[in-house]
Structure formats: structure tokens, C-alpha cells
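Visitor: Can you read through this structure? Questions will come right after.
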Amino acid sequence: MNFNFEKLVKKRRINLILKGLCDDGLDILYKVIGESTVLEALSLSNNQLTLSDGKLANAIAKNTTLKELNLRRNKITLKGIEQLADALKENNTTLEVLYLGDNNIGDEGAKCIADMLVVNKSLQDIDLSSNNINLEGAKYLADALKENDTLKELAIDKNNIGNGGAAKLAEALQFNHSIKTLELDFNNISVHDDPMMREMAMLQSFTEMKDHLNSALRERESALKLNASMKADITKKDKELEDKNAEIALLKSTIINKDKEIKSLKAATIKGQTTVDPVDLTKDDKRSEPSNKLSRIEDTPKLKSSKPIDMEI
């Protein structure tokens with residue numbers, strides 16, 4: 001399969017499920033894993049990888065960003081699992097999820113994983129289902145759980161650990177306080193016939209109930225914090241609203257006073273324009289009175305001739 005380094009090295013997630021991949025011809029992919037600064041999830045499940053050449057393990061050892069690695073349904077050999085476990089034990093400190101289901105790693109492979117878990121502090125979820133793990137492998141894992149305090153989920157279902165292996169794991173849970181989920185289905189375990197199994201079932205139920213209660217408590221605390229924050233915001237908004245209302249009331253009062261002043265000025269102005277002194281009015285009337293009276297007789301001019309005027313009849 002052809003790989004483009006320039007494209008792959010920029011990807012956060014690389015999915016190569018069911019690609020028929022073998023150990024050969026993956027040098028560019030391993031270079032991407034070793035040099036990428038953004039890769040967070042890599043899925044190589046349902047292929048033909050044995051990891052015997054150690055190249056994937058070396059790439060994982062160099063990587064500082066990968067959080068999830070899916071290697072389900074491959075053909076990983078004991079040598080391959082040893083090298084991968086060493087990389088996670090000595091170098092890689094970022095991987096959180098490792099899926100190794102359906103690889104037939106057996107008890108010795110489980111021992112490699114157990115030895116790694118004693119040291120590793122980043123892994124939180126491991127899937128070892130369908131790996132032909134028996135009582136011996138369960139003992140290795142149980143011993144590791146007594147010392148590991150970061151792993152939260154372990155799937156070891158569809159193996160053959162029996163009541164003895166389940167009892168060892170139940171004993172380990174009395175020392176381990178980080179495990180939240182332990183999958184043990186289809187392991188030839190008879191819970192009803194073994195007191196230890198019943199105790200483990202009760203312990204698992206109690207753990208789940210405790211987690212549920214803790215989750216509910218965290219949600220309640222978050223809700224209370226949110227309510228307190230919202231209450232503080234509401235109080236602040238109320239204060240701001242009160243201040244705004246006071247400003248508005250002050251502005252209204254100012255506007256009312258200004259309206260009164262304007263009305264008073266208008267009234268004074270109108271009064272000054274229409275009030276006239278009576279004396280001035282009389283003077284004006286006399287000056288404007290028309291001169292339409294007849295002149296007196298004595299004022300009529302006399303004719304110069306003293307003779308009577310003859311008139312023809």
C-alpha cells in the first residue's frame with residue numbers, strides 16, 4: 001500500500017482497518033508515527049501484523065502525541081507484544097487507550113502487559129479480550145493491578161481465567177482504587193458456587209454504584225456553582241437596572257423642570273409682545289385721525305370785484 005508522508009503527517013486520526021497490511025512496506029507509516037506532532041488516534045485493526053520487526057514499537061517510543069492505538073484482530077507474536085510493552089514501559093508516556101483484543105497473546109503476552117502496567121502511568125483503558133489468557137495470565141495481571149493506580153478500564157472477557165483467575169483479580173481490587181470497569185464475561189466463571197466470586201460481584205456493583213453517586217455529586221456541585229454564578233449575574237444585572245432606573249428618573253425630573261422653565265419663558269415672551277401703554281395708544285390715534293372737517297366761512301377767501309355779477313336770464 002502506498003503512503004504519502006506529507007499528507008499523513010498532518011492527520012490527527014489515521015484509520016487503516018481491513019487494508020491487508022503486513023509488517024513489510026510500512027516504513028513510511030512508521031516514520032509518520034515517529035515524527036508526527038498531531039497524531040492522536042491510529043487504527044490498524046483487522047490486518048496481518050505480527051510486530052516482530054519492532055518497527056511499530058520503535059515508532060511508538062518516539063511519538064509524543066498518540067493517545068489511542070487499535071491493534072485488534074491481528075497476528076501479534078510474543079516478540080511483537082514484548083517490544084510494544086517495552087516501548088510503553090520505557091519511552092512512551094502519552095498513550096491512554098490500547099486495544100489488543102483477538103491476538104492470541106496468551107499468558108506470556110499477558111505477563112508482558114502486566115510488567116508494563118507496573119511502570120506505565122498514562123494508560124487508562126486496555127482491551128485483552130479473546131487472547132487465550134488463562135489462570136496464569138490472570139495472576140500476572142492481578143499482581144500488576146495491586147501496584148498500578150492509573151488504569152481505569154480492563155477488558156479480559158472471552159478468555160479462560162476461570163474462578164481462580166477471577167478470584168485473583170477480585171483480591172487485587174481490594175488494593176486497587178483506580179479500576180472502574182472490569183470485563184470478565186465468558187471466562188468459565190461460576191459466581192454462585194464461589195464465595196469469592198460473589199464478593200467480587202458485590203464489590204464491582206458497589207464500585208459502579210459509588211462511581212454513579214460520585215458522578216451525580218459532581219453534577220450537583222457543578223449545578224450549584226452554575227446557580228451561584230447565575231445568581232451573582234442576576235444580582236449584578238438588578239443593580240445595573242436600578243442604577244439605570246435612577247438615571248432615567250433623574251432625567252425625567254430634569255426634563256419636567258426644563259419644560260416648566262420653557263413654558264414660563266414662553267408666557268413672559270407672549271405677555272411682552274401684546275401689552276401696550278394706553279397713553280401711547282391715544283397719541284397714535286390722534287396722529288392718525290383723518291382731517292375731513294369743512295373749513296369755516298370766515299376762512300373762505302373773498303372775491304376781489306365789488307360789482308354785482310350780471311346774469312342773463
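Ligands are numbered from 1 in the order shown, residues from 1 within each chain, and chains are lettered A, B, ... in the order they appear in the C-alpha cells.
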Just the residues within 9 Å of Leu49 (chain A), please, counting only C-alpha atoms, with nothing from its chain fewer than 3 positions along; format it as a ChimeraX atom specification.

Guide: /A:20-23,44-46,52,71,74-77

Visitor: Selection from above, N, CA and C atoms, as a PDB file, in the first residue's frame, can you write it?

Guide:
ATOM      1  N   GLY A  20      -5.371  -5.207   4.689  1.00  0.00           N
ATOM      2  CA  GLY A  20      -4.486  -6.309   4.333  1.00  0.00           C
ATOM      3  C   GLY A  20      -3.025  -6.014   4.617  1.00  0.00           C
ATOM      4  N   LEU A  21      -2.756  -5.207   5.609  1.00  0.00           N
ATOM      5  CA  LEU A  21      -1.378  -4.786   5.913  1.00  0.00           C
ATOM      6  C   LEU A  21      -0.572  -5.908   6.558  1.00  0.00           C
ATOM      7  N   CYS A  22       0.665  -6.026   6.109  1.00  0.00           N
ATOM      8  CA  CYS A  22       1.640  -6.931   6.723  1.00  0.00           C
ATOM      9  C   CYS A  22       2.788  -6.092   7.278  1.00  0.00           C
ATOM     10  N   ASP A  23       3.745  -6.723   7.903  1.00  0.00           N
ATOM     11  CA  ASP A  23       4.847  -5.966   8.501  1.00  0.00           C
ATOM     12  C   ASP A  23       5.698  -5.252   7.449  1.00  0.00           C
ATOM     13  N   LEU A  44      -5.143   0.119  13.305  1.00  0.00           N
ATOM     14  CA  LEU A  44      -4.560  -0.865  12.388  1.00  0.00           C
ATOM     15  C   LEU A  44      -5.243  -2.218  12.569  1.00  0.00           C
ATOM     16  N   SER A  45      -6.474  -2.201  13.019  1.00  0.00           N
ATOM     17  CA  SER A  45      -7.169  -3.454  13.325  1.00  0.00           C
ATOM     18  C   SER A  45      -7.543  -4.221  12.055  1.00  0.00           C
ATOM     19  N   ASN A  46      -7.760  -5.530  12.242  1.00  0.00           N
ATOM     20  CA  ASN A  46      -8.166  -6.430  11.153  1.00  0.00           C
ATOM     21  C   ASN A  46      -7.156  -6.441  10.004  1.00  0.00           C
ATOM     22  N   SER A  52       6.755  -8.255  14.807  1.00  0.00           N
ATOM     23  CA  SER A  52       8.002  -8.939  15.182  1.00  0.00           C
ATOM     24  C   SER A  52       9.253  -8.135  14.855  1.00  0.00           C
ATOM     25  N   LEU A  71      -5.094  -2.261  17.771  1.00  0.00           N
ATOM     26  CA  LEU A  71      -4.415  -3.374  17.086  1.00  0.00           C
ATOM     27  C   LEU A  71      -5.246  -4.654  17.152  1.00  0.00           C
ATOM     28  N   ASN A  74      -5.224  -8.844  14.802  1.00  0.00           N
ATOM     29  CA  ASN A  74      -4.013  -9.008  14.008  1.00  0.00           C
ATOM     30  C   ASN A  74      -3.391 -10.354  14.367  1.00  0.00           C
ATOM     31  N   LYS A  75      -2.128 -10.509  14.119  1.00  0.00           N
ATOM     32  CA  LYS A  75      -1.432 -11.768  14.437  1.00  0.00           C
ATOM     33  C   LYS A  75      -0.165 -11.459  15.224  1.00  0.00           C
ATOM     34  N   ILE A  76      -0.340 -10.658  16.272  1.00  0.00           N
ATOM     35  CA  ILE A  76       0.803 -10.205  17.049  1.00  0.00           C
ATOM     36  C   ILE A  76       1.468 -11.383  17.767  1.00  0.00           C
ATOM     37  N   THR A  77       2.770 -11.507  17.581  1.00  0.00           N
ATOM     38  CA  THR A  77       3.526 -12.593  18.207  1.00  0.00           C
ATOM     39  C   THR A  77       3.973 -12.177  19.601  1.00  0.00           C
TER      40      THR A  77
END

Visitor: What's the 8 Å shell around region 121-135 of chain A, counting only C-alpha atoms, without same-chain residues fewer than 5 positions away, as a ChimeraX atom specification?

Guide: /A:93-107,110,148-162,164-165

Visitor: Taking only region 85-247 of chain A into account, list the residues labelled alpha helix (DSSP H) by DSSP (computed from the backbone), as a ChimeraX atom specification.

Guide: /A:85-90,106-119,135-147,162-173,195-247

Visitor: Using DSSP secondary structure from the backbone, list all strand (DSSP E or B) positions within region 27-152 of chain A, as JSON, numbers by chain.

Guide: {"A": [41, 42, 43, 68, 69, 70, 97, 98, 99, 125, 126, 127]}

Visitor: Please write the residues from the selection above to a file, keeping all heavy atoms, as a compact mmCIF listing (two decimals), in the first residue's frame.

Guide:
# COMPACT_ATOMS: atom_id res chain seq x y z
N ALA A 41 -4.89 9.38 17.16
CA ALA A 41 -5.53 8.06 17.11
C ALA A 41 -5.07 7.31 15.87
O ALA A 41 -5.06 7.86 14.77
CB ALA A 41 -7.05 8.21 17.11
N LEU A 42 -4.70 6.03 16.06
CA LEU A 42 -4.23 5.19 14.96
C LEU A 42 -4.93 3.84 15.07
O LEU A 42 -4.85 3.16 16.10
CB LEU A 42 -2.72 5.00 15.04
CG LEU A 42 -2.11 3.98 14.06
CD1 LEU A 42 -2.32 4.42 12.61
CD2 LEU A 42 -0.62 3.79 14.36
N SER A 43 -5.63 3.45 14.00
CA SER A 43 -6.30 2.15 13.98
C SER A 43 -5.70 1.28 12.88
O SER A 43 -5.73 1.63 11.71
CB SER A 43 -7.80 2.32 13.73
OG SER A 43 -8.43 1.06 13.72
N GLU A 68 -4.54 6.96 21.34
CA GLU A 68 -5.32 5.72 21.14
C GLU A 68 -4.69 4.88 20.04
O GLU A 68 -4.43 5.36 18.94
CB GLU A 68 -6.76 6.08 20.76
CG GLU A 68 -7.64 4.87 20.51
CD GLU A 68 -9.06 5.27 20.15
OE1 GLU A 68 -9.59 6.22 20.77
OE2 GLU A 68 -9.64 4.64 19.23
N LEU A 69 -4.44 3.59 20.35
CA LEU A 69 -3.84 2.66 19.40
C LEU A 69 -4.71 1.39 19.34
O LEU A 69 -4.89 0.71 20.35
CB LEU A 69 -2.42 2.29 19.81
CG LEU A 69 -1.70 1.26 18.93
CD1 LEU A 69 -1.57 1.75 17.49
CD2 LEU A 69 -0.32 0.94 19.51
N ASN A 70 -5.25 1.09 18.15
CA ASN A 70 -6.13 -0.06 17.96
C ASN A 70 -5.41 -1.12 17.12
O ASN A 70 -5.15 -0.91 15.93
CB ASN A 70 -7.41 0.37 17.27
CG ASN A 70 -8.44 -0.74 17.19
OD1 ASN A 70 -8.14 -1.90 17.46
ND2 ASN A 70 -9.66 -0.40 16.82
N VAL A 97 -5.18 4.68 25.51
CA VAL A 97 -6.08 3.57 25.16
C VAL A 97 -5.34 2.59 24.26
O VAL A 97 -4.76 2.99 23.24
CB VAL A 97 -7.34 4.09 24.44
CG1 VAL A 97 -8.26 2.93 24.08
CG2 VAL A 97 -8.07 5.11 25.31
N LEU A 98 -5.35 1.29 24.63
CA LEU A 98 -4.67 0.26 23.85
C LEU A 98 -5.61 -0.92 23.66
O LEU A 98 -6.02 -1.57 24.62
CB LEU A 98 -3.40 -0.19 24.57
CG LEU A 98 -2.60 -1.33 23.91
CD1 LEU A 98 -2.12 -0.93 22.53
CD2 LEU A 98 -1.43 -1.73 24.81
N TYR A 99 -5.97 -1.20 22.41
CA TYR A 99 -6.85 -2.32 22.08
C TYR A 99 -6.02 -3.45 21.47
O TYR A 99 -5.44 -3.30 20.39
CB TYR A 99 -7.93 -1.89 21.10
CG TYR A 99 -8.85 -0.81 21.63
CD1 TYR A 99 -9.15 0.31 20.86
CD2 TYR A 99 -9.44 -0.92 22.88
CE1 TYR A 99 -10.00 1.30 21.34
CE2 TYR A 99 -10.28 0.05 23.37
CZ TYR A 99 -10.56 1.17 22.60
OH TYR A 99 -11.41 2.14 23.08
N ASP A 125 -7.11 2.58 29.60
CA ASP A 125 -8.06 1.60 29.07
C ASP A 125 -7.29 0.57 28.24
O ASP A 125 -6.62 0.93 27.27
CB ASP A 125 -9.10 2.32 28.22
CG ASP A 125 -10.18 1.39 27.68
OD1 ASP A 125 -10.10 0.17 27.94
OD2 ASP A 125 -11.10 1.87 26.99
N ILE A 126 -7.39 -0.71 28.63
CA ILE A 126 -6.72 -1.79 27.88
C ILE A 126 -7.73 -2.89 27.59
O ILE A 126 -8.48 -3.33 28.48
CB ILE A 126 -5.54 -2.38 28.67
CG1 ILE A 126 -4.45 -1.34 28.87
CG2 ILE A 126 -4.96 -3.58 27.93
CD1 ILE A 126 -3.24 -1.86 29.62
N ASP A 127 -7.74 -3.35 26.34
CA ASP A 127 -8.62 -4.45 25.93
C ASP A 127 -7.75 -5.67 25.62
O ASP A 127 -6.93 -5.65 24.71
CB ASP A 127 -9.40 -4.04 24.69
CG ASP A 127 -10.20 -5.21 24.10
OD1 ASP A 127 -10.46 -6.17 24.87
OD2 ASP A 127 -10.53 -5.16 22.91

Visitor: Which residue out of A:Leu88, A:Ala249, A:Leu78, A:Leu16 has the minimum interatomic distance to Asn47 (chain A) when only C-alpha atoms are used?

Guide: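 Checking each candidate against Asn47 (chain A), we get A:Leu16 as the closest.
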
Visitor: In Å, with one decimal, what is the gap from CA of Ala166 (chain A) to CA of Ala144 (chain A)?

Guide: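 Going from CA of Ala166 (chain A) over to CA of Ala144 (chain A), I get 14.3 Å.
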
Visitor: Would you mind reading off the distance between CA of Glu108 (chain A) and CA of Lys62 (chain A), one decimal, in Å?

Guide: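 Taking CA of Glu108 (chain A) as the start and CA of Lys62 (chain A) as the end point, the length is 25.4 Å.
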
Visitor: Find the residue from A:Gly25, A:Gly80, A:Gly137, A:Gly54 that sits nearest to Lys111 (chain A); use only C-alpha atoms when measuring.

Guide: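 Looking at the shortest contact to Lys111 (chain A), the residue is A:Gly137.
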
Visitor: Between CA of Leu18 (chain A) and CA of Thr65 (chain A), what is the distance, to one decimal in Å?

Guide: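 Computed distance, CA of Leu18 (chain A) to CA of Thr65 (chain A), equals 24.1 Å.
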